[in-house]
Amino acid sequence: MKPIIVVFLTVVLDLVGFGIVIPLLPFYAESFHATPLQVTLLMACYSLAQFVAAPLWGRLSDRVGRRPVMLASIGLTALMLAGFAASNSLWMLFVFRTLHGAMTANISTAQACMADLTTPENRAKGMGLIGAAFGIGFTLGPFLGGELAETSLTLPLWLAAGLSTLNLLLAMRWLPETRHAGSAPIRRSIAPAALWGALTAPAIGLCIALTFVQVFSFALMESTFTLFAERAHGMRPAEIGRLFGLVGIIGVVVQGGLIGRLVKRFGERPLVPVGLGLLTIGILALPSAPPTLALAIVFSILAVGQGLATPSLQSLISRSAAASDQGSVLGTAQSISALARATGPALGGVLFSSAGPAAPFYVAGLLLGCSVFLAFPATARAVSPLTPR
């Protein structure tokens, strides 16, 4: 039980370290005279580093074991957070933010640990804990970052570094080597052959394309909202952190309990366009929603839309793939999502700087609106619990 707790805490703290920066990053970067484009590139470099490093950590853990990889990545996460907090120039922010993203790419290794520690009968429950850790981390991170940033912009970063250090001590004591001889490696690839095979597969390719559009659009919004809220409404980190914390709480409720009942009754197919439609409405409404109540309502709509669309698409992709192709197809879908999280903020910064503060939301809304219509043919051939294979 203790090793599972350590793995759970690792994922929670990885997401806390990511989310804690969201409401304060523009304020912190602007203290180093960063432009809006540079602020969003700071968001992008984190996800790009994860995209590159995740398969490297996974392969290394297959070779040398899970424990040394987990200990190294947790310890280095604490150092990168401390370095980010202690930086005295913009280029140092980019270096430590990029390295922080590379270190927290250990989530793929954490998933491998959970697979090692659970029996096939309990595997879904173990992976469910990983999903819950995502929700908790993303809820706590922005909330803590916003509240503590009112005292000091670096205080949340030092707290995150301290929590990672505590997690390292717990892992050194409680996390054994979990890899068994003959354990199957985690397949997570964006090699051209794997990507082409997944995108051209019947009932899968369009769902993966929808996933990219959804994640890309949400990342585009997420990376620019703090800049927009600061300039358009004069909002402070605490107010912004509470809004993102609200998204996390609603996401936990929807994905943790409500989605299962809805899928059982309706299947995933109708939930995808509904979720994407709610995301479209929410993002298009963001520029005109005044703080704080109206913005909270809009963020709630976004959270429900995200909570319906994301697990439904993941389920359709998984159920439509052959058993022998699960690792390749799901790995490609995860890599596509990581690529979307890296490229979305970059475009957001360009649009914010060149076309105006509201431009990223309108572009994201346009993309999502188109995806609603794509969702009908995309899910028509996908397998749902309510339809035979």
# chains A, B, ... in the order shown; residues from 1 in each chain; ligands from 1
$ residues_around --residues "stretch 361-370 of chain A" --least-positions-apart "3" --cutoff "10 Å" --atoms "only C-alpha atoms" --output "NGL selection string"
:A and (210 or 213-222 or 224-225 or 228 or 273 or 276-287 or 344 or 347-348 or 351-352 or 357-358 or 373-375)
$ atom_distance --atom1 "atom CA of A:Gly251" --atom2 "atom CA of A:Leu25"
22.6 Å
$ closest_residue --among "A:Leu153, A:Ile5, A:Leu81, A:Ile204" --to "A:Arg173" --atoms "only C-alpha atoms"
A:Ile5
$ closest_residue --among "A:Ala359, A:Met172, A:Met43, A:Met114" --to "A:Arg67" --atoms "only C-alpha atoms"
A:Met172
$ closest_residue --among "A:Pro270, A:Pro68, A:Gly83, A:Gly17" --to "A:Leu175" --atoms "only C-alpha atoms"
A:Pro68
$ closest_residue --among "A:Thr178, A:Thr10, A:Asn88, A:Thr104" --to "A:Arg66" --atoms "only C-alpha atoms"
A:Thr178
$ residues_around --residues "A:Val6" --least-positions-apart "5" --cutoff "8 Å" --atoms "only C-alpha atoms" --output "PyMOL selection string"
chain A and resi 167+170-171+174-175
